[in-house]
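With compact mmCIF, C-alpha atoms and all ligand atoms inside, this is protein-v2.txt:
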# COMPACT_ATOMS: atom_id res chain seq x y z
CA MET A 1487 0.00 0.00 0.00
CA GLN A 1488 1.38 3.40 -0.93
CA THR A 1489 2.25 5.18 2.28
CA LYS A 1490 0.69 8.49 1.31
CA LEU A 1491 -2.61 6.88 0.45
CA ARG A 1492 -2.52 4.83 3.60
CA ARG A 1493 -1.95 7.86 5.74
CA LEU A 1494 -4.88 9.58 4.10
CA LEU A 1495 -7.15 6.63 4.61
CA MET A 1496 -6.26 6.34 8.25
CA ASN A 1497 -6.41 9.98 9.18
CA LYS A 1498 -9.85 11.47 9.63
CA LYS A 1499 -8.46 14.98 9.41
CA HIS A 1500 -7.66 14.35 5.77
CA GLN A 1501 -11.09 13.27 4.70
CA ASN A 1502 -11.43 16.20 2.34
CA ASN A 1503 -8.19 15.24 0.64
CA LEU A 1504 -9.45 11.71 0.47
CA ILE A 1505 -12.42 12.72 -1.60
CA SER A 1506 -10.08 14.16 -4.20
CA TYR A 1507 -8.10 10.96 -3.81
CA SER A 1508 -11.04 8.86 -4.85
CA GLY A 1509 -9.67 8.94 -8.38
CA VAL A 1510 -7.04 6.50 -7.14
CA ASN A 1511 -8.03 2.98 -7.93
CA LEU A 1512 -8.37 1.30 -4.58
CA LYS A 1513 -8.07 -2.46 -4.69
CA PHE A 1514 -9.57 -4.94 -2.26
CA ILE A 1515 -9.30 -8.50 -1.08
CA ALA A 1516 -12.37 -10.06 0.52
CA ASP A 1517 -12.66 -13.23 2.51
CA ALA A 1518 -14.73 -16.07 1.06
CA SER A 1519 -17.86 -15.18 3.05
CA LEU A 1520 -17.94 -11.83 1.25
CA ALA A 1521 -18.08 -13.21 -2.29
CA ARG A 1522 -21.38 -11.44 -3.04
CA LEU A 1523 -20.02 -8.14 -1.79
CA ALA A 1524 -16.97 -8.69 -4.00
CA LYS A 1525 -19.20 -9.01 -7.07
CA TRP A 1526 -20.87 -5.73 -6.27
CA MET A 1527 -17.50 -4.06 -5.80
CA ARG A 1528 -16.46 -5.38 -9.22
CA LEU A 1529 -19.71 -4.18 -10.71
CA LEU A 1530 -18.85 -0.68 -9.51
CA GLY A 1531 -15.44 -1.08 -11.14
CA TYR A 1532 -13.31 -1.86 -8.09
CA ASP A 1533 -10.73 -4.60 -8.43
CA THR A 1534 -11.69 -7.08 -5.70
CA VAL A 1535 -10.11 -10.47 -5.22
CA VAL A 1536 -11.92 -13.15 -3.23
CA TYR A 1537 -9.58 -15.12 -1.01
CA SER A 1538 -11.06 -18.59 -1.27
CA LYS A 1539 -8.99 -20.29 1.42
CA GLU A 1540 -9.43 -19.63 5.11
CA ALA A 1541 -8.73 -16.02 6.00
CA GLY A 1542 -5.45 -15.70 7.87
CA ARG A 1543 -1.84 -14.73 7.56
CA GLU A 1544 -1.57 -15.73 3.89
CA MET A 1545 -4.49 -13.49 2.99
CA LEU A 1546 -2.83 -10.55 4.74
CA ARG A 1547 0.41 -11.32 2.95
CA GLN A 1548 -1.35 -11.24 -0.42
CA ALA A 1549 -3.08 -7.97 0.54
CA ASP A 1550 0.28 -6.47 1.41
CA ALA A 1551 2.01 -7.71 -1.74
CA GLU A 1552 -0.75 -6.45 -4.04
CA GLY A 1553 -1.63 -3.26 -2.13
CA ARG A 1554 -5.18 -4.34 -1.37
CA ILE A 1555 -7.50 -3.28 1.44
CA VAL A 1556 -8.70 -6.32 3.39
CA LEU A 1557 -12.45 -6.81 3.76
CA THR A 1558 -13.29 -9.46 6.32
CA ARG A 1559 -16.12 -10.64 8.51
CA ARG A 1560 -13.73 -12.31 10.92
CA ARG A 1561 -13.16 -10.38 14.10
CA ASP A 1562 -10.04 -12.38 14.90
CA MET A 1563 -8.37 -10.80 11.86
CA VAL A 1564 -8.48 -7.39 13.49
CA GLY A 1565 -5.89 -8.13 16.15
CA ARG A 1566 -3.36 -9.60 13.75
CA GLN A 1567 -0.12 -7.93 12.92
CA PHE A 1568 -0.65 -6.23 9.58
CA SER A 1569 0.82 -3.05 8.19
CA GLY A 1570 -1.95 -2.55 5.63
CA ILE A 1571 -5.58 -1.56 5.93
CA LEU A 1572 -8.26 -3.91 7.16
CA PHE A 1573 -11.99 -3.27 7.34
CA LEU A 1574 -14.21 -5.44 9.50
CA VAL A 1575 -17.56 -5.93 7.76
CA THR A 1576 -20.21 -6.36 10.45
CA ASP A 1577 -23.40 -6.53 8.38
CA VAL A 1578 -24.73 -9.73 6.88
CA ILE A 1579 -26.90 -8.01 4.26
CA VAL A 1580 -24.95 -7.35 1.09
CA SER A 1581 -26.51 -3.93 0.40
CA LYS A 1582 -25.48 -2.76 3.87
CA GLN A 1583 -22.02 -4.22 3.43
CA LEU A 1584 -21.63 -2.37 0.15
CA LYS A 1585 -22.88 0.87 1.67
CA ALA A 1586 -20.44 0.54 4.56
CA VAL A 1587 -17.45 0.05 2.25
CA ILE A 1588 -18.50 2.88 -0.08
CA GLU A 1589 -18.82 5.26 2.85
CA LYS A 1590 -15.67 4.14 4.59
CA TYR A 1591 -13.44 4.64 1.55
CA PHE A 1592 -15.38 7.38 -0.26
CA LEU A 1593 -15.79 5.17 -3.30
CA LYS A 1594 -17.23 6.81 -6.36
CA VAL A 1595 -20.33 5.23 -7.80
CA ASP A 1596 -19.78 6.18 -11.39
CA ARG A 1597 -21.88 4.86 -14.27
CA GLU A 1598 -18.85 5.08 -16.54
CA LYS A 1599 -16.85 2.79 -14.26
CA MET A 1600 -19.57 0.19 -13.91
CA PHE A 1601 -19.03 -3.05 -15.76
CA SER A 1602 -15.39 -2.41 -16.48
CA ILE A 1603 -14.37 -5.58 -14.60
CA CYS A 1604 -15.56 -9.16 -15.07
CA LEU A 1605 -17.91 -10.07 -12.22
CA GLU A 1606 -16.65 -13.65 -12.23
CA CYS A 1607 -12.91 -13.30 -12.84
CA ASN A 1608 -12.10 -9.79 -11.57
CA ARG A 1609 -10.23 -9.11 -14.84
CA LYS A 1610 -10.40 -5.79 -16.62
CA LEU A 1611 -12.73 -6.02 -19.61
CA HIS A 1612 -11.59 -5.14 -23.12
CA SER A 1613 -13.83 -3.43 -25.62
CA ILE A 1614 -14.88 -5.60 -28.52
CA GLU A 1615 -16.20 -4.64 -31.95
CA LYS A 1616 -19.93 -4.99 -32.48
CA ASN A 1617 -19.50 -7.23 -35.52
CA GLU A 1618 -17.53 -9.71 -33.43
CA VAL A 1619 -20.41 -10.34 -31.03
CA ARG A 1620 -23.15 -10.92 -33.60
CA ASP A 1621 -23.40 -14.65 -32.82
CA LEU A 1622 -22.60 -14.31 -29.15
CA VAL A 1623 -25.40 -12.09 -27.84
CA PRO A 1624 -29.20 -12.25 -28.19
CA GLN A 1625 -30.59 -10.73 -31.37
CA TYR A 1626 -32.47 -7.91 -29.60
CA VAL A 1627 -29.31 -6.93 -27.77
CA PHE A 1628 -27.34 -6.85 -30.99
CA GLU A 1629 -29.95 -4.63 -32.61
CA ASN A 1630 -30.12 -2.18 -29.70
CA CYS A 1631 -26.63 -1.94 -28.33
CA ASN A 1632 -23.45 -0.69 -29.97
CA ARG A 1633 -20.88 -0.97 -27.20
CA TYR A 1634 -19.57 -4.29 -25.91
CA ASN A 1635 -16.85 -5.42 -23.55
CA GLN A 1636 -15.35 -8.84 -23.12
CA CYS A 1637 -13.47 -10.59 -20.35
CA PRO A 1638 -10.02 -11.66 -21.60
CA ARG A 1639 -10.11 -14.67 -19.29
CA CYS A 1640 -13.58 -16.28 -19.45
CA GLY A 1641 -14.76 -14.62 -22.68
CA LYS A 1642 -18.02 -13.38 -21.16
CA ILE A 1643 -19.53 -10.43 -23.02
CA TYR A 1644 -20.97 -7.41 -21.23
CA TRP A 1645 -23.12 -4.65 -22.65
CA MET A 1646 -24.98 -1.65 -21.31
CA GLY A 1647 -28.37 -3.23 -20.91
CA THR A 1648 -30.33 -5.07 -18.30
CA HIS A 1649 -27.50 -5.59 -15.85
CA PRO A 1650 -26.52 -1.95 -15.40
CA ARG A 1651 -30.17 -0.88 -15.17
CA ASN A 1652 -30.82 -3.42 -12.43
CA ALA A 1653 -27.60 -2.46 -10.74
CA LEU A 1654 -28.54 1.21 -10.76
CA ARG A 1655 -31.95 0.35 -9.33
CA PHE A 1656 -30.29 -1.63 -6.55
CA ILE A 1657 -27.98 1.25 -5.73
CA GLU A 1658 -30.80 3.81 -5.93
CA LYS A 1659 -32.76 1.76 -3.46
CA HIS A 1660 -30.04 0.95 -0.98
CA ILE A 1661 -27.44 3.66 -1.36
CA PRO A 1662 -29.42 6.65 -2.67
CA SER A 1663 -26.97 9.32 -1.56
CA HIS A 1664 -24.23 7.82 -3.69
CA LEU A 1665 -25.86 7.78 -7.06
CA PRO A 1666 -24.19 10.27 -9.40
ZN ZN B 1701 -14.32 -13.35 -16.76

The structure given in the file should be rewritten as structure tokens.
Amino acid sequence: MQTKLRRLLMNKKHQNNLISYSGVNLKFIADASLARLAKWMRLLGYDTVVYSKEAGREMLRQADAEGRIVLTRRRDMVGRQFSGILFLVTDVIVSKQLKAVIEKYFLKVDREKMFSICLECNRKLHSIEKNEVRDLVPQYVFENCNRYNQCPRCGKIYWMGTHPRNALRFIEKHIPSHLP
């Protein structure tokens, strides 16, 4: 974790600076019980790895090596020796979890950033030409949408359609103050 960023995140006095810092791409690592939260973070465009093994020292090591903020539901993780940033998620409801993380780290909910990361693989999507997706998406989608992205790992194709609309509705409902 970059020291300057870390200092900002930890110091309440610098909250105003933090807001201007929200352009920095914060990255996260979530424990396995937070897999749904991780998908929502990805949907908003935040690189979020799910640590599938039991949360512990190895997870913290990975967080440190990759400069990720740790999201965990395990209270015993709080007392561990760790030089990075760790956030204890106390809610069980995913919308509340998401709201808590957004508020804690001043995350921007930006329509332009949404669906820039594969929800399954956490890989950055690449744009793909419309004519390349003709046989890969439903006909009505092809006729109505001109912009497509694809995951370089699993090949899944994303477009601005049903998913983003539903996602915006979810955010409007649960996190109204954060909708741009
Ligand atoms: Zn993928």

Practice item. Identify, counting all atoms listed in the file, the protein, DNA and RNA residues located within 7 Å of ligand ZN 1701 (chain B), and give them as a PyMOL selection string. Key: chain A and resi 1604-1609+1637-1642

Exercise for review: May I ask which of the residues A:Lys1525, A:Arg1651, A:Arg1554, A:Arg1547 is the closest one to A:Ser1581, counting only C-alpha atoms?
Suggested key: A:Lys1525

Point to revise | Best match for closeness to A:Ser1569 among A:His1660, A:Lys1590, A:Arg1543, A:Lys1610, counting only C-alpha atoms | key: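 Using only C-alpha atoms, the shortest distance to A:Ser1569 belongs to A:Arg1543.
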
Any idea what's packed within 9 Å of A:His1612, counting all atoms listed in the file, ignoring anything in its chain fewer than 5 positions away? Could you give it as a short mmCIF file (atom, residue, chain, number, x, y, z; two decimals) with C-alpha atoms, in the coordinates of the input?
data_model
loop_
_atom_site.label_atom_id
_atom_site.label_comp_id
_atom_site.auth_asym_id
_atom_site.auth_seq_id
_atom_site.Cartn_x
_atom_site.Cartn_y
_atom_site.Cartn_z
CA SER A 1602 -15.39 -2.41 -16.48
CA ILE A 1603 -14.37 -5.58 -14.60
CA TYR A 1634 -19.57 -4.29 -25.91
CA ASN A 1635 -16.85 -5.42 -23.55
CA GLN A 1636 -15.35 -8.84 -23.12
CA CYS A 1637 -13.47 -10.59 -20.35
CA PRO A 1638 -10.02 -11.66 -21.60
#

Check your understanding: Could you state the separation of atom CA of A:Arg1633 and atom CA of A:Leu1530 in Å, given to one decimal place?
Key ->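 Straight-line distance from atom CA of A:Arg1633 to atom CA of A:Leu1530 works out to 17.8 Å.
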
Check your understanding: Quick one: distance from atom CA of A:Val1535 to atom CA of A:Ile1515 in Å, one decimal?
Key -> 4.7 Å

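When atom CA of A:Gly1542 is paired with atom CA of A:Val1575, their separation reads 15.6 Å.
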
Practice item. With a distance cut-off of 7 Å and only C-alpha atoms, select the neighbouring residues of A:Thr1558, excluding the residue or stretch itself and same-chain residues fewer than 2 positions from it, and output the selection as a list of chain:residue names. Key: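 Selected residues are A:Ala1516, A:Asp1517, A:Val1556, A:Arg1560, A:Phe1573, A:Leu1574, A:Val1575.
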
Exercise for review: Give the answer as one residue: which of A:Met1646, A:Glu1540, A:Val1595, A:Glu1615 has the shortest atom-to-atom distance to A:Glu1658, using only C-alpha atoms?
Suggested key: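 Closest candidate: A:Val1595.
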
Check your understanding: Which residue, A:Leu1593, A:Arg1620, A:Leu1512, A:Gly1531, has the smallest gap to A:Ile1571 when you use only C-alpha atoms?
Key ->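 Under the stated criterion, the closest residue is A:Leu1512.
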
Exercise for review: Take the point (-22.4, 2.6, -25.2) in the file's coordinates, draw a sphere of radius 12 Å around it, and report as a PyMOL selection string every protein, DNA or RNA residue with an atom inside or on it, counting only C-alpha atoms.
Suggested key: chain A and resi 1597-1598+1600-1601+1613-1616+1630-1635+1644-1647+1650

Practice item. Could you tell me which of A:Arg1559, A:Arg1566, A:Lys1539, A:Arg1528 comes closest to A:Ile1579 if we count only C-alpha atoms? Key: A:Arg1559

Exercise for review: Measuring atom to atom with all atoms listed in the file, identify which of A:Glu1629, A:Leu1584, A:Ser1538, A:Lys1513 is nearest to A:Glu1552.
Suggested key: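 Using all atoms listed in the file, A:Glu1552 sits closest to A:Lys1513.
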
Rebuild N, CA and C atoms on stretch 1565-1597 of chain A, as a CSV table (one decimal), in the frame of the given file?
chain,number,residue,atom,x,y,z
A,1565,GLY,N,-7.0,-8.2,15.2
A,1565,GLY,CA,-5.9,-8.1,16.2
A,1565,GLY,C,-4.6,-8.6,15.6
A,1566,ARG,N,-4.6,-9.1,14.3
A,1566,ARG,CA,-3.4,-9.6,13.8
A,1566,ARG,C,-2.4,-8.5,13.3
A,1567,GLN,N,-1.1,-8.9,13.3
A,1567,GLN,CA,-0.1,-7.9,12.9
A,1567,GLN,C,-0.2,-7.7,11.4
A,1568,PHE,N,-0.4,-6.5,11.0
A,1568,PHE,CA,-0.6,-6.2,9.6
A,1568,PHE,C,-0.4,-4.8,9.3
A,1569,SER,N,0.5,-4.5,8.4
A,1569,SER,CA,0.8,-3.0,8.2
A,1569,SER,C,-0.1,-2.4,7.2
A,1570,GLY,N,-1.0,-3.1,6.6
A,1570,GLY,CA,-2.0,-2.6,5.6
A,1570,GLY,C,-3.3,-2.1,6.3
A,1571,ILE,N,-4.3,-2.0,5.5
A,1571,ILE,CA,-5.6,-1.6,5.9
A,1571,ILE,C,-6.6,-2.7,5.9
A,1572,LEU,N,-7.3,-2.8,7.0
A,1572,LEU,CA,-8.3,-3.9,7.2
A,1572,LEU,C,-9.6,-3.3,7.6
A,1573,PHE,N,-10.7,-3.7,7.0
A,1573,PHE,CA,-12.0,-3.3,7.3
A,1573,PHE,C,-12.8,-4.5,7.8
A,1574,LEU,N,-13.4,-4.4,9.0
A,1574,LEU,CA,-14.2,-5.4,9.5
A,1574,LEU,C,-15.6,-5.2,9.1
A,1575,VAL,N,-16.2,-6.1,8.3
A,1575,VAL,CA,-17.6,-5.9,7.8
A,1575,VAL,C,-18.5,-6.6,8.8
A,1576,THR,N,-19.4,-5.8,9.4
A,1576,THR,CA,-20.2,-6.4,10.4
A,1576,THR,C,-21.6,-6.8,10.0
A,1577,ASP,N,-22.1,-6.2,8.9
A,1577,ASP,CA,-23.4,-6.5,8.4
A,1577,ASP,C,-23.4,-7.9,7.6
A,1578,VAL,N,-24.6,-8.5,7.7
A,1578,VAL,CA,-24.7,-9.7,6.9
A,1578,VAL,C,-25.4,-9.5,5.6
A,1579,ILE,N,-26.2,-8.3,5.5
A,1579,ILE,CA,-26.9,-8.0,4.3
A,1579,ILE,C,-26.0,-7.3,3.3
A,1580,VAL,N,-26.0,-7.8,2.0
A,1580,VAL,CA,-25.0,-7.4,1.1
A,1580,VAL,C,-25.1,-5.9,0.8
A,1581,SER,N,-26.3,-5.4,0.7
A,1581,SER,CA,-26.5,-3.9,0.4
A,1581,SER,C,-25.9,-3.1,1.5
A,1582,LYS,N,-26.0,-3.5,2.8
A,1582,LYS,CA,-25.5,-2.8,3.9
A,1582,LYS,C,-24.0,-2.9,3.9
A,1583,GLN,N,-23.5,-4.0,3.5
A,1583,GLN,CA,-22.0,-4.2,3.4
A,1583,GLN,C,-21.4,-3.3,2.4
A,1584,LEU,N,-22.1,-3.2,1.3
A,1584,LEU,CA,-21.6,-2.4,0.2
A,1584,LEU,C,-21.7,-0.9,0.6
A,1585,LYS,N,-22.7,-0.5,1.2
A,1585,LYS,CA,-22.9,0.9,1.7
A,1585,LYS,C,-21.8,1.2,2.7
A,1586,ALA,N,-21.5,0.3,3.6
A,1586,ALA,CA,-20.4,0.5,4.6
A,1586,ALA,C,-19.1,0.8,3.9
A,1587,VAL,N,-18.8,-0.1,2.9
A,1587,VAL,CA,-17.4,0.0,2.2
A,1587,VAL,C,-17.4,1.3,1.4
A,1588,ILE,N,-18.5,1.6,0.7
A,1588,ILE,CA,-18.5,2.9,-0.1
A,1588,ILE,C,-18.3,4.1,0.8
A,1589,GLU,N,-18.9,4.1,2.0
A,1589,GLU,CA,-18.8,5.3,2.8
A,1589,GLU,C,-17.4,5.3,3.5
A,1590,LYS,N,-17.0,4.2,3.9
A,1590,LYS,CA,-15.7,4.1,4.6
A,1590,LYS,C,-14.5,4.7,3.7
A,1591,TYR,N,-14.6,4.3,2.4
A,1591,TYR,CA,-13.4,4.6,1.6
A,1591,TYR,C,-13.8,5.7,0.5
A,1592,PHE,N,-15.0,6.3,0.7
A,1592,PHE,CA,-15.4,7.4,-0.3
A,1592,PHE,C,-15.4,6.9,-1.7
A,1593,LEU,N,-15.8,5.7,-1.9
A,1593,LEU,CA,-15.8,5.2,-3.3
A,1593,LEU,C,-16.8,5.9,-4.2
A,1594,LYS,N,-16.3,6.1,-5.4
A,1594,LYS,CA,-17.2,6.8,-6.4
A,1594,LYS,C,-18.1,5.8,-7.0
A,1595,VAL,N,-19.4,6.1,-7.1
A,1595,VAL,CA,-20.3,5.2,-7.8
A,1595,VAL,C,-20.5,5.9,-9.1
A,1596,ASP,N,-19.9,5.5,-10.1
A,1596,ASP,CA,-19.8,6.2,-11.4
A,1596,ASP,C,-20.3,5.3,-12.5
A,1597,ARG,N,-21.3,5.7,-13.2
A,1597,ARG,CA,-21.9,4.9,-14.3
A,1597,ARG,C,-20.8,4.5,-15.3
